[in-house]
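Note: the block below is structure24.txt and it holds compact mmCIF, C-alpha atoms.
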# COMPACT_ATOMS: atom_id res chain seq x y z
CA MET I 1 6.32 -38.81 -19.60
CA ILE I 2 6.07 -35.02 -19.91
CA THR I 3 5.93 -33.48 -16.42
CA SER I 4 5.93 -29.78 -17.30
CA PHE I 5 4.39 -27.70 -20.04
CA ALA I 6 5.43 -24.35 -18.56
CA ALA I 7 7.58 -21.91 -20.49
CA PRO I 8 11.11 -21.52 -19.07
CA HIS I 9 10.34 -18.21 -17.37
CA ALA I 10 7.27 -19.72 -15.65
CA LYS I 11 8.79 -22.94 -14.34
CA GLY I 12 8.85 -23.25 -10.57
CA LYS I 13 6.32 -20.50 -9.84
CA ILE I 14 4.12 -21.22 -6.85
CA ALA I 15 2.05 -18.86 -4.72
CA LYS I 16 3.20 -19.16 -1.12
CA ASP I 17 1.90 -16.00 0.54
CA LYS I 18 3.08 -15.96 4.14
CA ILE I 19 0.37 -13.49 5.20
CA PHE I 20 -2.49 -15.61 3.88
CA GLY I 21 -0.75 -18.68 5.28
CA ALA I 22 -0.64 -17.09 8.73
CA ALA I 23 -4.29 -16.10 8.38
CA GLY I 24 -5.20 -19.70 7.57
CA ALA I 25 -3.36 -20.94 10.64
CA ALA I 26 -5.20 -18.39 12.79
CA LYS I 27 -8.57 -19.51 11.45
CA ALA I 28 -7.72 -23.11 12.25
CA ASP I 29 -6.77 -22.13 15.79
CA ILE I 30 -9.99 -20.14 16.19
CA ALA I 31 -12.01 -23.16 15.07
CA LYS I 32 -10.30 -25.23 17.76
CA TYR I 33 -10.08 -22.77 20.68
CA GLY I 34 -12.53 -19.94 19.89
CA LYS I 35 -11.94 -16.32 18.86
CA LYS I 36 -11.79 -15.06 22.46
CA ILE I 37 -8.55 -16.98 22.96
CA VAL I 38 -6.90 -16.36 19.59
CA ILE I 39 -5.28 -13.06 18.55
CA ASN I 40 -5.39 -12.81 14.75
CA GLY I 41 -3.17 -9.94 13.61
CA THR I 42 -2.51 -11.17 10.08
CA GLN I 43 -4.52 -9.55 7.29
CA GLY I 44 -4.90 -5.84 6.51
CA CYS I 45 -8.64 -5.34 6.79
CA ILE I 46 -10.51 -3.37 9.45
CA LEU I 47 -12.34 -5.63 11.90
CA ASP I 48 -14.62 -4.13 14.51
CA GLU I 49 -14.46 -4.83 18.26
CA GLU I 50 -16.44 -8.04 17.73
CA GLY I 51 -14.08 -9.27 15.04
CA LYS I 52 -16.46 -8.58 12.15
CA LEU I 53 -15.22 -7.23 8.81
CA VAL I 54 -16.11 -3.53 8.55
CA CYS I 55 -17.92 -1.85 5.68
CA LEU I 56 -18.60 1.86 6.05
CA PRO I 57 -22.41 2.05 6.53
CA THR I 58 -22.93 4.86 4.02
CA ILE I 59 -20.82 3.06 1.43
CA GLU I 60 -22.90 -0.09 1.89
CA LYS I 61 -26.11 1.93 1.44
CA GLU I 62 -24.86 3.77 -1.66
CA PHE I 63 -23.52 0.58 -3.22
CA LYS I 64 -26.80 -1.27 -2.75
CA ASN I 65 -28.70 1.67 -4.28
CA LEU I 66 -26.81 1.52 -7.58
CA PRO I 67 -29.05 0.66 -10.56
CA ILE I 68 -28.42 -2.79 -11.98
CA GLU I 69 -27.14 -1.28 -15.26
CA GLU I 70 -24.25 0.33 -13.39
CA ILE I 71 -23.38 -3.02 -11.84
CA ILE I 72 -23.49 -5.26 -14.90
CA ALA I 73 -22.40 -2.99 -17.77
CA TYR I 74 -18.89 -2.80 -19.18
CA ALA I 75 -16.79 0.25 -18.41
CA PRO I 76 -14.38 2.04 -20.76
CA ILE I 77 -10.86 0.55 -20.77
CA ALA I 78 -9.30 3.59 -19.08
CA GLY I 79 -12.21 3.98 -16.66
CA LEU I 80 -15.38 6.06 -16.52
CA PRO I 81 -14.48 9.65 -17.52
CA ASP I 82 -16.10 11.20 -14.44
CA PHE I 83 -14.35 8.61 -12.24
CA LEU I 84 -10.99 9.61 -13.71
CA GLU I 85 -11.60 13.19 -12.56
CA LYS I 86 -13.29 12.51 -9.23
CA VAL I 87 -10.65 10.00 -8.16
CA GLN I 88 -8.07 12.80 -8.37
CA VAL I 89 -10.26 14.88 -6.07
CA ALA I 90 -10.52 11.93 -3.68
CA CYS I 91 -6.78 11.35 -3.76
CA PHE I 92 -5.31 14.86 -3.70
CA GLY I 93 -7.97 16.84 -1.81
CA LYS I 94 -6.76 20.44 -1.58
CA SER I 95 -3.18 19.43 -2.39
CA ARG I 96 -3.46 18.65 -6.09
CA PRO I 97 0.03 19.21 -7.50
CA GLU I 98 0.69 21.84 -10.14
CA GLY I 99 1.46 20.39 -13.53
CA TYR I 100 -0.19 17.89 -15.85
CA THR I 101 -2.16 15.03 -14.32
CA ALA I 102 -4.27 12.13 -15.56
CA ALA I 103 -5.76 8.97 -14.09
CA ILE I 104 -6.18 5.41 -15.34
CA ALA I 105 -8.49 2.96 -13.57
CA THR I 106 -6.70 -0.09 -12.19
CA ALA I 107 -7.60 -3.44 -10.67
CA GLY I 108 -6.96 -2.36 -7.10
CA GLY I 109 -3.61 -1.01 -5.98
CA CYS I 110 -1.81 -4.07 -7.38
CA GLY I 111 -2.98 -3.19 -10.88
CA GLY I 112 -1.23 0.16 -10.84
CA ILE I 113 2.00 -1.33 -9.51
CA HIS I 114 1.87 -3.95 -12.26
CA HIS I 115 1.43 -1.32 -14.97
CA ALA I 116 4.25 0.85 -13.62
CA ILE I 117 6.66 -2.11 -13.60
CA GLN I 118 5.55 -3.22 -17.05
CA ASN I 119 5.64 0.18 -18.74
CA TYR I 120 8.42 2.11 -17.04
CA THR I 121 11.11 -0.57 -16.64
CA SER I 122 12.65 -3.15 -18.98
CA VAL I 123 13.06 -6.90 -18.61
CA GLY I 124 15.94 -7.54 -16.20
CA ASP I 125 15.70 -4.11 -14.57
CA ILE I 126 15.79 -3.56 -10.82
CA ILE I 127 12.99 -1.75 -8.95
CA LEU I 128 13.74 0.02 -5.66
CA THR I 129 11.76 0.11 -2.43
CA ALA I 130 12.49 0.32 1.30
CA GLU I 131 13.73 -2.76 3.19
CA TRP I 132 10.37 -2.78 4.97
CA TYR I 133 7.96 -3.55 2.15
CA TRP I 134 4.70 -5.28 1.25
CA ALA I 135 5.71 -8.77 0.09
CA ALA I 136 3.59 -8.56 -3.08
CA TYR I 137 6.08 -6.04 -4.52
CA GLN I 138 8.53 -8.91 -4.84
CA ASN I 139 5.99 -11.12 -6.62
CA LEU I 140 5.01 -8.35 -9.02
CA CYS I 141 8.63 -7.74 -9.97
CA LEU I 142 9.55 -11.41 -10.40
CA ASP I 143 6.46 -12.24 -12.43
CA ASN I 144 7.38 -9.43 -14.84
CA ASN I 145 10.98 -10.67 -15.08
CA ARG I 146 12.36 -7.83 -12.99
CA LYS I 147 14.11 -7.80 -9.62
CA LEU I 148 13.44 -5.92 -6.39
CA ASP I 149 16.19 -4.23 -4.41
CA THR I 150 15.93 -2.28 -1.17
CA TYR I 151 17.50 0.59 0.73
CA GLU I 152 17.46 1.34 4.45
CA MET I 153 14.18 3.16 5.07
CA LEU I 154 15.07 5.23 8.16
CA ASN I 155 18.26 6.97 9.23
CA ASP I 156 19.65 7.18 12.77
CA LYS I 157 17.29 10.08 13.46
CA GLU I 158 14.35 7.82 12.56
CA THR I 159 13.37 9.94 9.56
CA PHE I 160 13.21 8.92 5.91
CA ASN I 161 16.65 7.96 4.64
CA THR I 162 17.14 10.04 1.50
CA VAL I 163 20.90 9.47 1.68
CA ALA I 164 20.43 5.70 1.33
CA LEU I 165 17.89 6.24 -1.46
CA ASP I 166 20.27 8.55 -3.32
CA LYS I 167 23.12 6.03 -3.14
CA LYS I 168 21.03 3.11 -4.41
CA LEU I 169 19.38 5.23 -7.09
CA ARG I 170 22.68 6.44 -8.53
CA GLY I 171 24.05 2.92 -8.59
CA LEU I 172 20.95 1.74 -10.41
CA LEU I 173 21.07 4.45 -13.08
CA VAL I 174 24.57 3.38 -14.07
CA ARG I 175 23.12 0.17 -15.52
CA GLN I 176 19.58 1.08 -16.65
CA ASP I 177 17.81 4.02 -18.28
CA ASN I 178 14.76 4.18 -16.01
CA ALA I 179 14.61 3.74 -12.25
CA LEU I 180 11.25 2.97 -10.63
CA VAL I 181 11.07 3.74 -6.90
CA ILE I 182 8.06 2.45 -4.94
CA ILE I 183 7.28 4.37 -1.74
CA ASN I 184 4.35 3.25 0.39
CA THR I 185 3.04 6.31 2.23
CA PRO I 186 1.22 7.62 4.22
CA ALA I 187 0.51 4.99 6.90
CA HIS I 188 3.14 2.72 5.39
CA ASN I 189 2.44 -0.97 5.03
CA PRO I 190 3.94 -2.65 7.04
CA THR I 191 5.29 -0.15 9.61
CA GLY I 192 2.81 2.72 9.99
CA TYR I 193 5.47 5.30 9.08
CA SER I 194 4.44 8.33 6.98
CA LEU I 195 6.52 10.78 4.98
CA GLY I 196 5.78 14.44 5.67
CA LEU I 197 5.90 17.23 3.11
CA LYS I 198 9.57 18.08 3.76
CA GLU I 199 10.61 14.43 3.44
CA MET I 200 8.74 14.08 0.15
CA GLN I 201 10.31 17.31 -1.12
CA ASP I 202 13.70 15.82 -0.30
CA VAL I 203 12.80 12.63 -2.20
CA VAL I 204 11.82 14.69 -5.27
CA ALA I 205 15.06 16.69 -5.00
CA VAL I 206 17.12 13.47 -4.89
CA ALA I 207 15.21 12.07 -7.88
CA GLY I 208 15.66 15.32 -9.83
CA LYS I 209 19.38 15.53 -9.16
CA CYS I 210 19.94 11.87 -10.04
CA ALA I 211 18.01 12.32 -13.29
CA ASN I 212 19.91 15.50 -14.16
CA ASP I 213 23.35 14.11 -13.31
CA THR I 214 22.90 10.89 -15.28
CA GLY I 215 20.61 11.97 -18.10
CA LYS I 216 18.31 9.08 -17.11
CA ASN I 217 14.69 8.94 -15.85
CA VAL I 218 13.28 8.44 -12.35
CA ILE I 219 9.70 7.33 -11.75
CA LEU I 220 8.41 7.87 -8.21
CA PHE I 221 5.52 5.52 -7.49
CA ILE I 222 3.55 6.44 -4.36
CA ASP I 223 1.43 3.57 -3.06
CA ALA I 224 -1.14 5.54 -1.06
CA ALA I 225 -3.51 2.67 -0.27
CA TYR I 226 -3.93 3.70 3.39
CA LEU I 227 -4.32 7.43 2.71
CA ASP I 228 -7.74 7.82 4.30
CA TYR I 229 -6.71 6.21 7.60
CA ALA I 230 -3.49 8.16 8.07
CA GLY I 231 -4.69 11.16 10.07
CA ASP I 232 -6.16 14.57 9.30
CA LYS I 233 -7.55 14.49 5.76
CA GLU I 234 -5.81 17.60 4.43
CA GLU I 235 -2.66 17.39 6.53
CA VAL I 236 -1.63 13.95 5.25
CA ARG I 237 -2.23 15.06 1.66
CA LYS I 238 0.14 18.04 1.80
CA MET I 239 3.00 15.78 0.70
CA PHE I 240 1.41 15.64 -2.77
CA THR I 241 2.31 19.30 -3.34
CA ALA I 242 5.94 18.13 -3.51
CA PHE I 243 5.07 16.88 -7.01
CA SER I 244 4.26 20.38 -8.26
CA ASN I 245 6.44 21.46 -11.21
CA LEU I 246 8.52 18.28 -11.14
CA PRO I 247 12.14 18.40 -12.32
CA ASP I 248 12.92 17.21 -15.84
CA GLY I 249 13.42 13.48 -15.96
CA VAL I 250 11.05 12.79 -13.06
CA LEU I 251 7.54 11.32 -13.34
CA ALA I 252 5.33 10.77 -10.28
CA ILE I 253 2.59 8.14 -10.15
CA VAL I 254 0.21 8.03 -7.18
CA GLU I 255 -1.83 4.89 -6.67
CA TYR I 256 -5.22 5.39 -4.99
CA SER I 257 -7.16 2.33 -3.82
CA MET I 258 -10.83 1.95 -2.98
CA SER I 259 -10.04 -1.22 -1.01
CA LYS I 260 -9.30 0.66 2.19
CA SER I 261 -10.78 4.11 1.53
CA PHE I 262 -14.17 2.62 0.67
CA THR I 263 -13.80 -0.69 2.58
CA MET I 264 -14.45 -2.45 -0.73
CA TYR I 265 -11.48 -4.82 -0.64
CA GLY I 266 -12.75 -7.53 -2.94
CA GLN I 267 -14.20 -5.22 -5.59
CA ARG I 268 -10.64 -4.46 -6.81
CA VAL I 269 -10.87 -0.83 -7.92
CA GLY I 270 -8.17 1.80 -7.82
CA ALA I 271 -6.51 4.37 -10.03
CA MET I 272 -2.97 5.27 -10.98
CA ILE I 273 -2.59 9.03 -11.27
CA GLY I 274 0.32 10.39 -13.28
CA VAL I 275 1.91 13.77 -12.51
CA ALA I 276 4.41 15.33 -14.94
CA ASN I 277 5.78 18.70 -16.01
CA SER I 278 4.92 18.10 -19.66
CA GLU I 279 1.69 17.39 -21.48
CA GLU I 280 3.49 14.90 -23.75
CA ALA I 281 4.54 12.76 -20.77
CA ILE I 282 0.97 12.63 -19.48
CA THR I 283 -0.45 11.81 -22.91
CA GLU I 284 2.03 8.95 -23.09
CA PHE I 285 1.04 7.90 -19.55
CA LYS I 286 -2.61 7.62 -20.57
CA ASN I 287 -1.89 5.80 -23.81
CA ILE I 288 0.53 3.14 -22.63
CA ASN I 289 -1.29 2.30 -19.40
CA ALA I 290 -4.70 2.07 -21.06
CA TYR I 291 -3.12 -0.23 -23.64
CA THR I 292 -1.73 -2.47 -20.90
CA SER I 293 -5.14 -2.52 -19.20
CA ARG I 294 -6.68 -3.81 -22.44
CA ALA I 295 -3.97 -6.45 -22.67
CA THR I 296 -4.25 -7.51 -19.02
CA TRP I 297 -7.80 -7.31 -17.65
CA SER I 298 -9.58 -5.35 -20.40
CA ASN I 299 -11.71 -3.24 -18.07
CA ILE I 300 -12.59 -3.21 -14.39
CA ASN I 301 -15.52 -2.99 -11.99
CA ARG I 302 -17.90 -0.29 -13.24
CA ALA I 303 -20.07 -0.29 -10.10
CA CYS I 304 -17.34 0.89 -7.74
CA MET I 305 -16.20 3.59 -10.13
CA ARG I 306 -19.78 4.90 -10.19
CA LEU I 307 -19.91 4.60 -6.39
CA LEU I 308 -16.89 6.89 -6.00
CA VAL I 309 -18.35 9.40 -8.44
CA ASN I 310 -21.65 9.47 -6.54
CA VAL I 311 -19.99 9.92 -3.15
CA TYR I 312 -17.67 12.71 -4.31
CA SER I 313 -20.52 14.46 -6.15
CA ASP I 314 -22.75 14.78 -3.07
CA PRO I 315 -21.29 16.88 -0.22
CA LYS I 316 -23.73 15.47 2.35
CA VAL I 317 -22.90 11.87 1.50
CA LEU I 318 -19.18 12.62 1.45
CA THR I 319 -19.37 14.30 4.86
CA GLN I 320 -21.02 11.21 6.31
CA VAL I 321 -18.47 8.89 4.72
CA GLU I 322 -15.62 10.97 6.13
CA LYS I 323 -17.18 10.82 9.60
CA GLU I 324 -17.32 7.05 9.36
CA ARG I 325 -13.71 6.86 8.17
CA ASP I 326 -12.68 9.04 11.08
CA PHE I 327 -14.46 6.74 13.52
CA TYR I 328 -12.50 3.73 12.31
CA TYR I 329 -9.26 5.72 12.11
CA LYS I 330 -9.69 6.60 15.79
CA MET I 331 -10.61 3.01 16.65
CA THR I 332 -7.39 1.79 15.01
CA LYS I 333 -5.35 4.55 16.62
CA ALA I 334 -6.66 3.60 20.08
CA ARG I 335 -5.43 0.05 19.52
CA ALA I 336 -2.05 1.31 18.33
CA ASP I 337 -1.73 3.63 21.32
CA VAL I 338 -2.11 0.73 23.74
CA PHE I 339 0.35 -1.43 21.84
CA MET I 340 3.00 1.27 21.45
CA LYS I 341 2.74 2.32 25.11
CA GLU I 342 3.20 -1.26 26.29
CA ALA I 343 5.98 -1.88 23.75
CA LYS I 344 7.91 1.06 25.15
CA ALA I 345 7.29 -0.07 28.72
CA CYS I 346 8.56 -3.62 28.12
CA GLY I 347 11.41 -2.65 25.81
CA LEU I 348 10.01 -4.16 22.62
CA PRO I 349 11.72 -2.46 19.64
CA THR I 350 9.37 -1.12 16.95
CA ILE I 351 9.62 0.92 13.78
CA PRO I 352 8.30 4.46 14.47
CA TYR I 353 4.51 4.36 14.07
CA LYS I 354 2.53 7.39 12.91
CA ALA I 355 -0.74 5.95 11.61
CA GLY I 356 -2.35 3.14 9.70
CA PHE I 357 -3.19 -0.53 9.90
CA PHE I 358 0.15 -1.98 10.98
CA VAL I 359 3.01 -1.88 13.47
CA SER I 360 6.29 -3.68 12.78
CA ILE I 361 8.96 -5.21 15.02
CA PRO I 362 12.49 -5.76 13.66
CA SER I 363 13.69 -9.36 13.80
CA ALA I 364 16.43 -11.44 12.19
CA GLN I 365 14.24 -14.53 12.49
CA PRO I 366 10.65 -13.41 11.79
CA ASP I 367 9.36 -16.85 10.75
CA ALA I 368 10.62 -18.44 13.94
CA VAL I 369 9.21 -15.63 16.09
CA CYS I 370 5.77 -15.98 14.51
CA GLU I 371 5.92 -19.76 14.91
CA ARG I 372 6.81 -19.36 18.58
CA LEU I 373 3.84 -17.04 19.11
CA HIS I 374 1.43 -19.76 17.93
CA ALA I 375 1.90 -21.40 21.33
CA ASP I 376 0.32 -18.26 22.85
CA HIS I 377 -2.48 -18.34 20.22
CA VAL I 378 -1.02 -15.20 18.61
CA PHE I 379 -0.83 -15.08 14.81
CA LEU I 380 1.16 -12.35 13.07
CA ALA I 381 2.77 -11.96 9.63
CA PRO I 382 6.48 -12.72 9.11
CA LEU I 383 8.16 -10.34 6.65
CA ALA I 384 11.68 -10.05 5.27
CA ALA I 385 12.83 -7.58 7.93
CA GLY I 386 10.66 -8.51 10.89
CA VAL I 387 7.16 -9.16 12.18
CA ARG I 388 4.02 -7.24 11.18
CA VAL I 389 1.14 -6.71 13.62
CA ALA I 390 -2.19 -5.89 11.92
CA ILE I 391 -3.67 -3.66 14.60
CA CYS I 392 -6.58 -2.95 12.25
CA ALA I 393 -7.80 -6.50 12.90
CA ILE I 394 -7.18 -6.91 16.63
CA PRO I 395 -9.93 -5.75 19.03
CA LEU I 396 -8.88 -3.25 21.69
CA LYS I 397 -9.64 -5.74 24.46
CA GLN I 398 -6.96 -8.08 23.07
CA MET I 399 -4.24 -5.43 22.92
CA PRO I 400 -3.12 -5.42 26.57
CA GLY I 401 -0.26 -7.86 27.03
CA LEU I 402 0.37 -8.43 23.30
CA ALA I 403 3.62 -6.47 23.20
CA GLU I 404 4.95 -8.46 26.17
CA LYS I 405 4.12 -11.76 24.43
CA ILE I 406 6.00 -10.66 21.31
CA LYS I 407 8.97 -9.54 23.45
CA ARG I 408 9.13 -12.98 25.10
CA ALA I 409 8.95 -14.71 21.71
CA LEU I 410 11.81 -12.55 20.41
CA GLU I 411 13.92 -13.38 23.42
CA ASP I 412 13.16 -17.11 23.16
CA VAL I 413 14.10 -17.25 19.46
CA GLU I 414 16.97 -14.79 19.25
CA SER I 415 18.75 -15.31 22.58
Full structure transcribed into structure tokens:
Amino acid sequence: MITSFAAPHAKGKIAKDKIFGAAGAAKADIAKYGKKIVINGTQGCILDEEGKLVCLPTIEKEFKNLPIEEIIAYAPIAGLPDFLEKVQVACFGKSRPEGYTAAIATAGGCGGIHHAIQNYTSVGDIILTAEWYWAAYQNLCLDNNRKLDTYEMLNDKETFNTVALDKKLRGLLVRQDNALVIINTPAHNPTGYSLGLKEMQDVVAVAGKCANDTGKNVILFIDAAYLDYAGDKEEVRKMFTAFSNLPDGVLAIVEYSMSKSFTMYGQRVGAMIGVANSEEAITEFKNINAYTSRATWSNINRACMRLLVNVYSDPKVLTQVEKERDFYYKMTKARADVFMKEAKACGLPTIPYKAGFFVSIPSAQPDAVCERLHADHVFLAPLAAGVRVAICAIPLKQMPGLAEKIKRALEDVES
């Protein structure tokens, strides 16, 4: 009897997402004991102080006011033309890099990562990211018959480790013509770390020197999903100016997502924005990525593209949206402040947190630590390098004492 019809490269694939698994366990515990008892710090969505999923009020209003034609009609493969311009305004603000730029609409942030892997690396190639990374990067690489490798994210001064990046990048370019580097910033998922302008300039310098020394290409992919909850609007965007007048052999791609910025998680709309020092490279960027869109999902959600255009075309509406974003940024920051203060007081080690939805704790046994915490009705996400706490989802009233519980779990498991 035939037991498998899968092609050789597809055999054995199974979706076992630890984050969604932890979320499911939390929901089961809530059903049994009630949400006042259970701390659910698993998924990366903003929940208010009552545990309700947040949608920015002005975004909800604008979305519901869209005419039905804008909701049901197809969109162009590359995206609505005015969306492709306005999304660059939304992403870069006053820090639009000098050079040639273009945008392609993507199915959320994942869509842009998929396209970059598919179009800028070859089968069997290795993609680089930091050892603290969003687990889906691994899935995206493996499903495209690539591999993911990591470098140490921070040095002993707790700043971005360009030395480690340089070493791994040079080793990679010995064996392949293109090197794709994924950097999640600002408000890094899963640690809350953010690269400043000087750090990003150093990254570009490393990429430029590696490209020049080897005669190969470096593609810097910036996953900026949490951009609008990373601090002062213009200050956090200054890092984008590091992509002005890029060195030869270096292409930058910035991925902007409406999931977080517009609290429209399930609508799956984003954009990959290419930055290059030549018009030919950007023309190629538009052509190959639009082609892959046609071959993957054809086109995406027209309604949310129109929503972004409307918001960024009306200064009054945009001002209100930014006020609402700031409210939830401050709400998340207040939760983080309590956690980080108590973590320091009890001696719980953490990765330096600057902003965003998550805090991370290093651990050699993250699965066991998270399992141990279930006894305290605490549900967190185990990652490759440690444990992720989704502070975006935990009400402020549940923050006191959480760091101490995690510290005890670490000691119980690792002692």
Under the rule of at most 6 Å, produce a per-residue listing of region 276-372 of chain I near region 172-190 of chain I: chain, number, name, the closest pair of atoms, and the distance in Å, as JSON lines, using only C-alpha atoms.
{"residue": "I:Ala355", "atom": "CA", "partner": "I:Ala187", "partner_atom": "CA", "distance": 5.0}
{"residue": "I:Gly356", "atom": "CA", "partner": "I:Ala187", "partner_atom": "CA", "distance": 4.4}
{"residue": "I:Phe358", "atom": "CA", "partner": "I:Pro190", "partner_atom": "CA", "distance": 5.5}
- prompt: What is the CA of Asp149 (chain I) to CA of Phe379 (chain I) distance in Å?
  reply: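 Value for the CA of Asp149 (chain I)-CA of Phe379 (chain I) distance: 27.9 Å.
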message: So that I can see what lies close to Cys110 (chain I), please list as a VMD selection string the residues with an atom at most 12 Å from it, counting all atoms listed in the file and leaving out residues fewer than 2 positions away in the same chain.
response: chain I and resid 105 to 108 112 to 117 134 to 141 223 to 225 255 to 259 265 268 to 272
message: Show me, as a ChimeraX atom specification, the residues that have an atom within 6 Å of region 45-51 of chain I when counting all atoms listed in the file, minus same-chain residues fewer than 5 positions from it.
response: /I:392-393,395
message: I want to know what sits within 7 Å of Ser293 (chain I), based on all atoms listed in the file, with residues of the same chain fewer than 5 positions away left out; could you give that as a VMD selection string?
response: chain I and resid 77 298 to 299
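Distance annotation: of I:Glu280, I:Asn144, I:His374, I:Ala345, the residue with the minimal separation from Lys27 (chain I) is I:His374; atom set is only C-alpha atoms.
We find CA of Gly12 (chain I) and CA of Leu142 (chain I) to be spaced 11.9 Å apart.
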- prompt: For the point (-28.8, 5.2, -10.5) in file coordinates, what residues are within 12 Å, counting all atoms listed in the file? Give the answer as a ChimeraX atom specification?
  reply: /I:62-71,303,306-307,309-310
The selected residues should be written to file as a short mmCIF file (atom, residue, chain, number, x, y, z; two decimals), in the frame of the given file (atoms: C-alpha atoms).
data_model
loop_
_atom_site.label_atom_id
_atom_site.label_comp_id
_atom_site.auth_asym_id
_atom_site.auth_seq_id
_atom_site.Cartn_x
_atom_site.Cartn_y
_atom_site.Cartn_z
CA GLU I 62 -24.86 3.77 -1.66
CA PHE I 63 -23.52 0.58 -3.22
CA LYS I 64 -26.80 -1.27 -2.75
CA ASN I 65 -28.70 1.67 -4.28
CA LEU I 66 -26.81 1.52 -7.58
CA PRO I 67 -29.05 0.66 -10.56
CA ILE I 68 -28.42 -2.79 -11.98
CA GLU I 69 -27.14 -1.28 -15.26
CA GLU I 70 -24.25 0.33 -13.39
CA ILE I 71 -23.38 -3.02 -11.84
CA ALA I 303 -20.07 -0.29 -10.10
CA ARG I 306 -19.78 4.90 -10.19
CA LEU I 307 -19.91 4.60 -6.39
CA VAL I 309 -18.35 9.40 -8.44
CA ASN I 310 -21.65 9.47 -6.54
#
Model the absent atoms of region 44-60 of chain I so that N, CA and C atoms are present, and write the result as a CSV table (one decimal), in the frame of the given file.
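Generated file (selection22.csv):
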chain,number,residue,atom,x,y,z
I,44,GLY,N,-4.7,-7.3,6.4
I,44,GLY,CA,-4.9,-5.8,6.5
I,44,GLY,C,-6.3,-5.4,6.2
I,45,CYS,N,-7.3,-5.8,6.9
I,45,CYS,CA,-8.6,-5.3,6.8
I,45,CYS,C,-9.1,-4.9,8.2
I,46,ILE,N,-10.0,-3.8,8.2
I,46,ILE,CA,-10.5,-3.4,9.4
I,46,ILE,C,-11.6,-4.3,10.0
I,47,LEU,N,-11.3,-4.8,11.2
I,47,LEU,CA,-12.3,-5.6,11.9
I,47,LEU,C,-12.8,-4.8,13.1
I,48,ASP,N,-14.1,-4.9,13.4
I,48,ASP,CA,-14.6,-4.1,14.5
I,48,ASP,C,-14.3,-4.8,15.8
I,49,GLU,N,-14.8,-4.3,16.9
I,49,GLU,CA,-14.5,-4.8,18.3
I,49,GLU,C,-15.0,-6.2,18.5
I,50,GLU,N,-15.9,-6.7,17.6
I,50,GLU,CA,-16.4,-8.0,17.7
I,50,GLU,C,-15.8,-9.0,16.7
I,51,GLY,N,-14.8,-8.5,16.0
I,51,GLY,CA,-14.1,-9.3,15.0
I,51,GLY,C,-14.8,-9.4,13.7
I,52,LYS,N,-15.7,-8.5,13.4
I,52,LYS,CA,-16.5,-8.6,12.2
I,52,LYS,C,-15.8,-7.6,11.1
I,53,LEU,N,-15.7,-8.1,9.9
I,53,LEU,CA,-15.2,-7.2,8.8
I,53,LEU,C,-16.1,-6.0,8.7
I,54,VAL,N,-15.4,-4.8,8.6
I,54,VAL,CA,-16.1,-3.5,8.6
I,54,VAL,C,-16.4,-3.1,7.1
I,55,CYS,N,-17.6,-2.6,6.9
I,55,CYS,CA,-17.9,-1.8,5.7
I,55,CYS,C,-18.5,-0.5,6.2
I,56,LEU,N,-18.0,0.6,5.6
I,56,LEU,CA,-18.6,1.9,6.0
I,56,LEU,C,-20.1,1.9,5.7
I,57,PRO,N,-21.0,2.2,6.7
I,57,PRO,CA,-22.4,2.0,6.5
I,57,PRO,C,-22.9,2.8,5.3
I,58,THR,N,-22.4,4.1,5.1
I,58,THR,CA,-22.9,4.9,4.0
I,58,THR,C,-22.5,4.3,2.7
I,59,ILE,N,-21.3,3.7,2.7
I,59,ILE,CA,-20.8,3.1,1.4
I,59,ILE,C,-21.7,1.9,1.1
I,60,GLU,N,-22.0,1.1,2.1
I,60,GLU,CA,-22.9,-0.1,1.9
I,60,GLU,C,-24.2,0.4,1.3
